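> Supplied in structure tokens, the structure appears directly below.
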Amino acid sequence: MTNRPFVRYEDKLNRVLSYICENMDEDLDLDTLADIACVSRYHWHRVFKAMTGETLADVVRRVRLSAAANNLLRDDMSVNAVAEQVGYKNLASFSRAFKAAHGFSPQEFRKQGAETTILLNLNKGAEGLYPVKVLDLKGFRAAGVCHIGPYQKIGKAFSALGGVLMSNSLMSRAELVFAVYHDPPESRPSAELRSHVAVAIKDGFPDTLSSLDYFDVLGGRYAVLQHKGPYARLKFAYDWIYGAWLLQSGFELRDEPPLEVYISDPKTTPSADLITEIRLPLL
């Protein structure tokens, strides 16, 4: 089996790391770094974290503070100038972050510190940990309830959707319960994360209910991972499909969020037997 698919994603990581190092005084947000990597913003954060074990924000912070440490030892510029050089406009914020990272204030580090290196660790992951099939799936019309806030609190959106379906006698006209997480975790404050809990709708489902959002899920090629077990362990499945399977698959990702499809009914299925699918849209 060729290693080229993995090398291609490793090249994307190195390109992003080089960009961060060369532009530390700029606003290094998720969209900018996703563009540099040429990976959809819906997926780049998950790919990066699954491959390296760190979030993009963690790496940006670490690169900036490592560069600041080295600059303090190499140059005679003021601490304030060093802070601005690596993107910190506020000296107090820089000093707090620097001490948290290196154990010394910038002034103390200048007296007794040692130069640091900037490296990324790569998580290759175990092969075959979850079953994955690449399938061509049909698109469908969906209706759901929007949730804004921490993803772990999405349960209230499930309850709201169930209430709408039951009160309008629509259970028989709905199928395929799923969630769409529009924002990669840790890509923005948790209070601003956007998601939907939704169902695929059949003919005869009303399209005018004000309590629901209506949208289309596109068909096409998907990598479908099957996870068996508690929902709390889905994080490991996401890390594996992004950090191991995708890298070796040779596939590229479409610019659309993944779907989390709930095959089992949690009301009647033991937690250990719950079946959930993660569907990654592929080019």
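So you can find residues: chains in the structure tokens are A, B, ... in the order shown, residues in each start at 1, and ligands are numbered from 1 in order.
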Determine, using only C-alpha atoms, which residues of range 41-152 of chain A have any atom at most 8 Å from an atom of range 20-25 of chain A, and tabulate each with its shortest atom pair and distance in Å to one decimal place, rows ordered by chain and then rising number, as a Markdown table.


| residue | atom | partner | partner_atom | distance |
| --- | --- | --- | --- | --- |
| A:Val60 | CA | A:Ile20 | CA | 6.8 |
| A:Val63 | CA | A:Cys21 | CA | 6.9 |
| A:Arg64 | CA | A:Met24 | CA | 6.3 |
| A:Glu84 | CA | A:Asp25 | CA | 6.8 |
| A:Gln85 | CA | A:Asp25 | CA | 5.8 |
| A:Val86 | CA | A:Met24 | CA | 4.8 |
| A:Gly87 | CA | A:Asp25 | CA | 3.7 |
| A:Tyr88 | CA | A:Asp25 | CA | 7.4 |

> Export, as a PDB file, in the first residue's frame, the selected residues with N, CA and C atoms.


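Just written: again_34.pdb:
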ATOM      1  N   VAL A  60      -0.998  27.580  17.139  1.00  0.00           N
ATOM      2  CA  VAL A  60      -0.691  28.992  16.892  1.00  0.00           C
ATOM      3  C   VAL A  60      -0.099  29.619  18.145  1.00  0.00           C
ATOM      4  N   VAL A  63       3.474  28.156  18.748  1.00  0.00           N
ATOM      5  CA  VAL A  63       4.449  28.694  17.794  1.00  0.00           C
ATOM      6  C   VAL A  63       4.820  30.124  18.151  1.00  0.00           C
ATOM      7  N   ARG A  64       3.818  30.921  18.460  1.00  0.00           N
ATOM      8  CA  ARG A  64       4.078  32.322  18.800  1.00  0.00           C
ATOM      9  C   ARG A  64       4.950  32.436  20.060  1.00  0.00           C
ATOM     10  N   GLU A  84       4.718  42.163  20.281  1.00  0.00           N
ATOM     11  CA  GLU A  84       4.040  42.618  19.064  1.00  0.00           C
ATOM     12  C   GLU A  84       4.513  41.842  17.842  1.00  0.00           C
ATOM     13  N   GLN A  85       5.764  41.445  17.847  1.00  0.00           N
ATOM     14  CA  GLN A  85       6.326  40.701  16.721  1.00  0.00           C
ATOM     15  C   GLN A  85       5.632  39.357  16.526  1.00  0.00           C
ATOM     16  N   VAL A  86       5.129  38.781  17.605  1.00  0.00           N
ATOM     17  CA  VAL A  86       4.462  37.475  17.503  1.00  0.00           C
ATOM     18  C   VAL A  86       2.948  37.582  17.664  1.00  0.00           C
ATOM     19  N   GLY A  87       2.411  38.771  17.487  1.00  0.00           N
ATOM     20  CA  GLY A  87       0.964  38.919  17.400  1.00  0.00           C
ATOM     21  C   GLY A  87       0.237  39.281  18.666  1.00  0.00           C
ATOM     22  N   TYR A  88       0.960  39.594  19.752  1.00  0.00           N
ATOM     23  CA  TYR A  88       0.316  40.008  20.996  1.00  0.00           C
ATOM     24  C   TYR A  88       0.349  41.529  21.094  1.00  0.00           C
TER      25      TYR A  88
END

> Please identify all polymer residues within 9 Å of Val199 in chain A, counting only C-alpha atoms, omitting same-chain residues fewer than 5 positions from it, and present them as a PDB file with C-alpha atoms, in the first residue's frame.


ATOM      1  CA  ARG A 141     -34.914  17.265   2.049  1.00  0.00           C
ATOM      2  CA  ALA A 142     -34.585  17.714   5.805  1.00  0.00           C
ATOM      3  CA  ALA A 143     -36.311  19.574   8.609  1.00  0.00           C
ATOM      4  CA  GLY A 144     -34.818  20.222  12.004  1.00  0.00           C
ATOM      5  CA  LEU A 161     -37.676  18.116  17.480  1.00  0.00           C
ATOM      6  CA  ALA A 174     -40.001  11.451   9.062  1.00  0.00           C
ATOM      7  CA  GLU A 175     -36.996   9.155   8.836  1.00  0.00           C
ATOM      8  CA  LEU A 176     -33.238   9.113   9.311  1.00  0.00           C
ATOM      9  CA  VAL A 177     -32.650  11.097  12.495  1.00  0.00           C
ATOM     10  CA  PHE A 178     -29.319  12.912  12.279  1.00  0.00           C
ATOM     11  CA  ALA A 179     -27.294  15.870  13.492  1.00  0.00           C
TER      12      ALA A 179
END

> Pick the closest to Tyr242 in chain A from A:Val79, A:Leu225, A:Leu28, A:Leu72: which is it, counting only C-alpha atoms?

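Nearest to Tyr242 in chain A: A:Leu225.
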
> In range 3-226 of chain A, what's alpha helix (DSSP H) per DSSP? Answer as number ranges by chain?

A: 4-22, 30-37, 41-52, 56-74, 79-85, 91-102, 106-112, 155-167

> Grab the residues selected above and save them as a CSV table (one decimal), in the first residue's frame with C-alpha atoms.


chain,number,residue,atom,x,y,z
A,4,ARG,CA,1.4,9.0,-0.7
A,5,PRO,CA,-2.1,9.9,0.7
A,6,PHE,CA,-0.6,10.3,4.1
A,7,VAL,CA,2.4,12.3,2.8
A,8,ARG,CA,0.0,14.7,1.0
A,9,TYR,CA,-1.8,15.6,4.2
A,10,GLU,CA,1.5,15.9,6.0
A,11,ASP,CA,2.5,18.4,3.3
A,12,LYS,CA,-0.7,20.4,4.1
A,13,LEU,CA,0.3,20.4,7.8
A,14,ASN,CA,3.8,21.6,7.0
A,15,ARG,CA,2.5,24.3,4.7
A,16,VAL,CA,0.2,25.6,7.4
A,17,LEU,CA,3.0,25.5,10.0
A,18,SER,CA,5.3,27.5,7.7
A,19,TYR,CA,2.6,30.0,7.1
A,20,ILE,CA,2.0,30.4,10.9
A,21,CYS,CA,5.8,30.9,11.4
A,22,GLU,CA,6.0,33.5,8.7
A,30,LEU,CA,-9.5,29.0,11.1
A,31,ASP,CA,-10.7,30.1,7.6
A,32,THR,CA,-7.3,31.6,6.7
A,33,LEU,CA,-5.4,28.4,7.7
A,34,ALA,CA,-8.0,26.2,6.0
A,35,ASP,CA,-7.4,28.1,2.8
A,36,ILE,CA,-3.6,27.7,3.2
A,37,ALA,CA,-4.1,23.9,3.6
A,41,ARG,CA,-13.1,24.7,6.8
A,42,TYR,CA,-15.8,22.2,7.9
A,43,HIS,CA,-13.2,19.5,8.2
A,44,TRP,CA,-9.7,21.1,8.5
A,45,HIS,CA,-9.9,21.7,12.3
A,46,ARG,CA,-10.8,18.0,12.9
A,47,VAL,CA,-8.2,16.8,10.4
A,48,PHE,CA,-5.5,18.9,12.1
A,49,LYS,CA,-6.4,17.9,15.6
A,50,ALA,CA,-6.8,14.2,14.7
A,51,MET,CA,-3.4,14.2,13.0
A,52,THR,CA,-1.4,16.2,15.6
A,56,LEU,CA,-5.1,24.9,15.6
A,57,ALA,CA,-5.4,27.5,18.4
A,58,ASP,CA,-3.0,25.5,20.6
A,59,VAL,CA,-0.4,25.3,17.8
A,60,VAL,CA,-0.7,29.0,16.9
A,61,ARG,CA,-0.2,29.9,20.6
A,62,ARG,CA,2.7,27.5,21.0
A,63,VAL,CA,4.4,28.7,17.8
A,64,ARG,CA,4.1,32.3,18.8
A,65,LEU,CA,5.4,31.8,22.3
A,66,SER,CA,8.3,29.6,21.2
A,67,ALA,CA,9.3,32.2,18.7
A,68,ALA,CA,9.0,34.9,21.4
A,69,ALA,CA,11.2,32.8,23.7
A,70,ASN,CA,13.9,32.5,21.0
A,71,ASN,CA,13.7,36.2,20.1
A,72,LEU,CA,14.2,37.2,23.7
A,73,LEU,CA,17.5,35.2,23.8
A,74,ARG,CA,18.7,36.3,20.4
A,79,VAL,CA,9.7,42.7,25.7
A,80,ASN,CA,6.9,44.8,24.3
A,81,ALA,CA,8.4,44.7,20.8
A,82,VAL,CA,8.9,40.9,21.0
A,83,ALA,CA,5.2,40.6,22.0
A,84,GLU,CA,4.0,42.6,19.1
A,85,GLN,CA,6.3,40.7,16.7
A,91,LEU,CA,1.8,43.2,27.0
A,92,ALA,CA,0.0,41.9,30.1
A,93,SER,CA,-1.7,39.1,28.0
A,94,PHE,CA,1.6,38.2,26.5
A,95,SER,CA,3.3,38.0,29.8
A,96,ARG,CA,0.6,35.7,31.3
A,97,ALA,CA,0.6,33.4,28.3
A,98,PHE,CA,4.4,33.3,28.2
A,99,LYS,CA,4.7,32.4,31.8
A,100,ALA,CA,2.0,29.7,31.5
A,101,ALA,CA,3.9,28.2,28.5
A,102,HIS,CA,7.5,28.5,29.8
A,106,PRO,CA,9.7,37.1,29.7
A,107,GLN,CA,12.3,39.0,31.8
A,108,GLU,CA,13.2,35.9,33.8
A,109,PHE,CA,13.4,33.8,30.7
A,110,ARG,CA,15.8,36.2,29.0
A,111,LYS,CA,18.2,35.7,31.9
A,112,GLN,CA,18.1,31.9,32.1
A,155,GLY,CA,-30.0,17.1,23.8
A,156,LYS,CA,-32.6,19.8,24.2
A,157,ALA,CA,-32.8,20.2,20.4
A,158,PHE,CA,-33.6,16.5,20.2
A,159,SER,CA,-36.4,16.9,22.7
A,160,ALA,CA,-37.7,20.0,20.8
A,161,LEU,CA,-37.7,18.1,17.5
A,162,GLY,CA,-39.4,15.1,19.0
A,163,GLY,CA,-42.1,17.4,20.5
A,164,VAL,CA,-42.8,19.1,17.1
A,165,LEU,CA,-43.1,15.8,15.3
A,166,MET,CA,-45.4,14.2,17.9
A,167,SER,CA,-47.6,17.2,18.4

> Distance CA of Leu246 in chain A-CA of Ser271 in chain A, one decimal place?

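Computed distance, CA of Leu246 in chain A to CA of Ser271 in chain A, equals 27.2 Å.
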
> Taking the DSSP secondary structure from the backbone, can you list the residues of range 38-243 of chain A that are strand (DSSP E), as a VMD selection string?

chain A and resid 132 to 137 140 to 148 174 to 181 194 to 201 213 to 217 220 to 228

> Just to confirm, what's the straight-line distance from CA of Trp240 in chain A to CA of Lys153 in chain A in Å (one decimal)?

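Between CA of Trp240 in chain A and CA of Lys153 in chain A the gap is 23.4 Å.
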
> Could you list, as a list in words, every residue within 7 Å of Val180 in chain A, counting only C-alpha atoms and ignoring same-chain residues fewer than 5 positions away?

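Near Val180 in chain A, the qualifying residues are Ser195, His196, Val197, Pro257, Pro258, Leu259 and Glu260 of chain A.
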
> How would the residues just chosen look if you wrote them out with all heavy atoms as a short mmCIF file (atom, residue, chain, number, x, y, z; two decimals), in the first residue's frame?


data_model
loop_
_atom_site.label_atom_id
_atom_site.label_comp_id
_atom_site.auth_asym_id
_atom_site.auth_seq_id
_atom_site.Cartn_x
_atom_site.Cartn_y
_atom_site.Cartn_z
N SER A 195 -25.48 24.04 15.26
CA SER A 195 -25.79 22.68 14.85
C SER A 195 -27.28 22.54 14.61
O SER A 195 -28.07 23.41 15.00
CB SER A 195 -25.31 21.67 15.91
OG SER A 195 -25.85 21.99 17.18
N HIS A 196 -27.65 21.46 13.97
CA HIS A 196 -29.06 21.11 13.77
C HIS A 196 -29.29 19.65 14.14
O HIS A 196 -28.45 18.79 13.83
CB HIS A 196 -29.48 21.29 12.30
CG HIS A 196 -29.92 22.68 11.95
ND1 HIS A 196 -29.04 23.63 11.46
CD2 HIS A 196 -31.14 23.28 12.02
CE1 HIS A 196 -29.71 24.75 11.22
NE2 HIS A 196 -30.98 24.57 11.56
N VAL A 197 -30.40 19.37 14.78
CA VAL A 197 -30.92 18.02 14.91
C VAL A 197 -32.09 17.94 13.95
O VAL A 197 -32.99 18.80 13.97
CB VAL A 197 -31.39 17.74 16.35
CG1 VAL A 197 -32.07 16.38 16.42
CG2 VAL A 197 -30.21 17.79 17.30
N PRO A 257 -20.37 19.96 5.82
CA PRO A 257 -20.15 19.34 7.14
C PRO A 257 -20.50 17.86 7.12
O PRO A 257 -21.30 17.41 6.30
CB PRO A 257 -21.10 20.12 8.06
CG PRO A 257 -22.19 20.60 7.15
CD PRO A 257 -21.52 20.89 5.84
N PRO A 258 -19.91 17.08 8.03
CA PRO A 258 -20.28 15.67 8.14
C PRO A 258 -21.66 15.52 8.76
O PRO A 258 -22.18 16.45 9.39
CB PRO A 258 -19.20 15.10 9.07
CG PRO A 258 -18.78 16.27 9.90
CD PRO A 258 -18.88 17.47 9.00
N LEU A 259 -22.24 14.35 8.57
CA LEU A 259 -23.52 14.02 9.19
C LEU A 259 -23.28 12.96 10.26
O LEU A 259 -22.47 12.06 10.09
CB LEU A 259 -24.51 13.47 8.16
CG LEU A 259 -24.84 14.32 6.94
CD1 LEU A 259 -25.85 13.59 6.07
CD2 LEU A 259 -25.37 15.68 7.35
N GLU A 260 -24.03 13.07 11.36
CA GLU A 260 -24.01 12.06 12.42
C GLU A 260 -25.40 11.44 12.45
O GLU A 260 -26.37 12.07 12.87
CB GLU A 260 -23.65 12.73 13.75
CG GLU A 260 -23.36 11.76 14.88
CD GLU A 260 -22.84 12.51 16.11
OE1 GLU A 260 -21.69 12.99 16.07
OE2 GLU A 260 -23.61 12.63 17.09
#

> Would you pick out the contacts of Leu129 in chain A at 12 Å or less, using only C-alpha atoms, so that residues sharing its chain but fewer than 2 positions from it are not included, and give the list as a tab-separated table (two decimals) with all heavy atoms, in the first residue's frame?


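In the end it all went to result_39.tsv:
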chain	number	residue	atom	x	y	z
A	125	GLY	N	-2.41	6.48	14.04
A	125	GLY	CA	-3.63	5.74	14.35
A	125	GLY	C	-3.56	4.29	13.92
A	125	GLY	O	-2.79	3.90	13.05
A	126	ALA	N	-4.38	3.46	14.55
A	126	ALA	CA	-4.43	2.04	14.21
A	126	ALA	C	-5.30	1.82	12.99
A	126	ALA	O	-6.34	2.45	12.83
A	126	ALA	CB	-4.98	1.25	15.40
A	127	GLU	N	-4.89	0.91	12.10
A	127	GLU	CA	-5.67	0.61	10.91
A	127	GLU	C	-6.86	-0.28	11.26
A	127	GLU	O	-6.78	-1.13	12.14
A	127	GLU	CB	-4.79	-0.07	9.85
A	127	GLU	CG	-3.71	0.84	9.28
A	127	GLU	CD	-3.01	0.20	8.10
A	127	GLU	OE1	-3.48	-0.85	7.63
A	127	GLU	OE2	-1.98	0.75	7.67
A	131	PRO	N	-15.26	-0.04	11.03
A	131	PRO	CA	-15.63	-0.35	9.64
A	131	PRO	C	-16.03	0.92	8.89
A	131	PRO	O	-16.80	1.73	9.40
A	131	PRO	CB	-16.82	-1.31	9.79
A	131	PRO	CG	-17.38	-1.03	11.15
A	131	PRO	CD	-16.21	-0.59	12.00
A	132	VAL	N	-15.51	1.09	7.68
A	132	VAL	CA	-15.82	2.25	6.84
A	132	VAL	C	-16.13	1.76	5.43
A	132	VAL	O	-15.40	0.95	4.87
A	132	VAL	CB	-14.65	3.25	6.78
A	132	VAL	CG1	-14.99	4.41	5.83
A	132	VAL	CG2	-14.33	3.79	8.16
A	225	LEU	N	-18.70	5.63	8.32
A	225	LEU	CA	-18.12	4.89	9.43
A	225	LEU	C	-19.24	4.43	10.35
A	225	LEU	O	-20.12	5.22	10.70
A	225	LEU	CB	-17.12	5.76	10.20
A	225	LEU	CG	-16.50	5.18	11.48
A	225	LEU	CD1	-15.10	5.76	11.70
A	225	LEU	CD2	-17.35	5.46	12.72
A	226	GLN	N	-19.18	3.18	10.76
A	226	GLN	CA	-20.17	2.67	11.72
A	226	GLN	C	-19.54	2.55	13.10
A	226	GLN	O	-18.52	1.90	13.28
A	226	GLN	CB	-20.70	1.31	11.28
A	226	GLN	CG	-21.85	0.81	12.15
A	226	GLN	CD	-22.38	-0.53	11.71
A	226	GLN	OE1	-21.96	-1.57	12.20
A	226	GLN	NE2	-23.31	-0.51	10.77
A	227	HIS	N	-20.17	3.21	14.05
A	227	HIS	CA	-19.71	3.20	15.45
A	227	HIS	C	-20.74	2.45	16.28
A	227	HIS	O	-21.94	2.72	16.20
A	227	HIS	CB	-19.57	4.63	15.96
A	227	HIS	CG	-19.24	4.72	17.42
A	227	HIS	ND1	-20.21	4.75	18.40
A	227	HIS	CD2	-18.06	4.79	18.07
A	227	HIS	CE1	-19.64	4.83	19.58
A	227	HIS	NE2	-18.33	4.85	19.41
A	228	LYS	N	-20.27	1.52	17.10
A	228	LYS	CA	-21.14	0.81	18.02
A	228	LYS	C	-20.72	1.13	19.44
A	228	LYS	O	-19.56	0.94	19.82
A	228	LYS	CB	-21.06	-0.70	17.79
A	228	LYS	CG	-21.99	-1.51	18.71
A	228	LYS	CD	-21.90	-3.00	18.42
A	228	LYS	CE	-22.85	-3.78	19.34
A	228	LYS	NZ	-22.77	-5.24	19.09
A	236	PHE	N	-13.81	9.44	19.67
A	236	PHE	CA	-12.70	8.59	19.23
A	236	PHE	C	-12.89	8.15	17.78
A	236	PHE	O	-11.92	8.02	17.03
A	236	PHE	CB	-12.56	7.39	20.16
A	236	PHE	CG	-12.33	7.76	21.59
A	236	PHE	CD1	-13.35	7.66	22.53
A	236	PHE	CD2	-11.09	8.25	22.00
A	236	PHE	CE1	-13.14	8.03	23.85
A	236	PHE	CE2	-10.89	8.61	23.32
A	236	PHE	CZ	-11.91	8.50	24.25
A	237	ALA	N	-14.15	7.95	17.39
A	237	ALA	CA	-14.42	7.57	16.00
A	237	ALA	C	-14.11	8.73	15.06
A	237	ALA	O	-13.54	8.52	13.98
A	237	ALA	CB	-15.88	7.15	15.86
A	238	TYR	N	-14.49	9.94	15.46
A	238	TYR	CA	-14.16	11.11	14.65
A	238	TYR	C	-12.65	11.26	14.52
A	238	TYR	O	-12.12	11.51	13.42
A	238	TYR	CB	-14.75	12.38	15.27
A	238	TYR	CG	-16.18	12.65	14.90
A	238	TYR	CD1	-17.22	12.42	15.81
A	238	TYR	CD2	-16.52	13.15	13.65
A	238	TYR	CE1	-18.54	12.67	15.48
A	238	TYR	CE2	-17.83	13.41	13.31
A	238	TYR	CZ	-18.84	13.17	14.23
A	238	TYR	OH	-20.16	13.42	13.89
A	239	ASP	N	-11.93	11.14	15.62
A	239	ASP	CA	-10.47	11.28	15.58
A	239	ASP	C	-9.86	10.23	14.65
A	239	ASP	O	-8.92	10.52	13.91
A	239	ASP	CB	-9.88	11.12	16.98
A	239	ASP	CG	-10.14	12.34	17.86
A	239	ASP	OD1	-10.56	13.38	17.32
A	239	ASP	OD2	-9.94	12.23	19.09
A	240	TRP	N	-10.42	9.02	14.66
A	240	TRP	CA	-9.85	7.96	13.86
A	240	TRP	C	-10.13	8.16	12.37
A	240	TRP	O	-9.23	8.01	11.54
A	240	TRP	CB	-10.39	6.60	14.31
A	240	TRP	CG	-9.75	5.48	13.54
A	240	TRP	CD1	-8.55	4.88	13.78
A	240	TRP	CD2	-10.28	4.85	12.38
A	240	TRP	NE1	-8.30	3.91	12.84
A	240	TRP	CE2	-9.34	3.87	11.97
A	240	TRP	CE3	-11.46	5.00	11.65
A	240	TRP	CZ2	-9.55	3.06	10.86
A	240	TRP	CZ3	-11.67	4.19	10.54
A	240	TRP	CH2	-10.73	3.23	10.16
A	241	ILE	N	-11.36	8.53	12.02
A	241	ILE	CA	-11.67	8.64	10.59
A	241	ILE	C	-10.94	9.83	9.96
A	241	ILE	O	-10.50	9.78	8.81
A	241	ILE	CB	-13.19	8.71	10.33
A	241	ILE	CG1	-13.47	8.44	8.83
A	241	ILE	CG2	-13.79	10.04	10.78
A	241	ILE	CD1	-14.93	8.25	8.51
A	243	GLY	N	-8.07	11.25	11.39
A	243	GLY	CA	-6.63	11.19	11.63
A	243	GLY	C	-5.95	9.94	11.13
A	243	GLY	O	-4.72	9.90	11.06
A	244	ALA	N	-6.71	8.91	10.75
A	244	ALA	CA	-6.10	7.66	10.26
A	244	ALA	C	-6.69	7.26	8.92
A	244	ALA	O	-6.00	7.20	7.91
A	244	ALA	CB	-6.28	6.55	11.29
A	245	TRP	N	-8.01	6.99	8.89
A	245	TRP	CA	-8.60	6.49	7.65
A	245	TRP	C	-8.45	7.47	6.50
A	245	TRP	O	-8.01	7.10	5.40
A	245	TRP	CB	-10.09	6.18	7.86
A	245	TRP	CG	-10.72	5.64	6.61
A	245	TRP	CD1	-10.77	4.34	6.21
A	245	TRP	CD2	-11.37	6.40	5.57
A	245	TRP	NE1	-11.38	4.24	4.98
A	245	TRP	CE2	-11.75	5.49	4.57
A	245	TRP	CE3	-11.63	7.76	5.40
A	245	TRP	CZ2	-12.41	5.89	3.40
A	245	TRP	CZ3	-12.28	8.17	4.24
A	245	TRP	CH2	-12.67	7.24	3.25
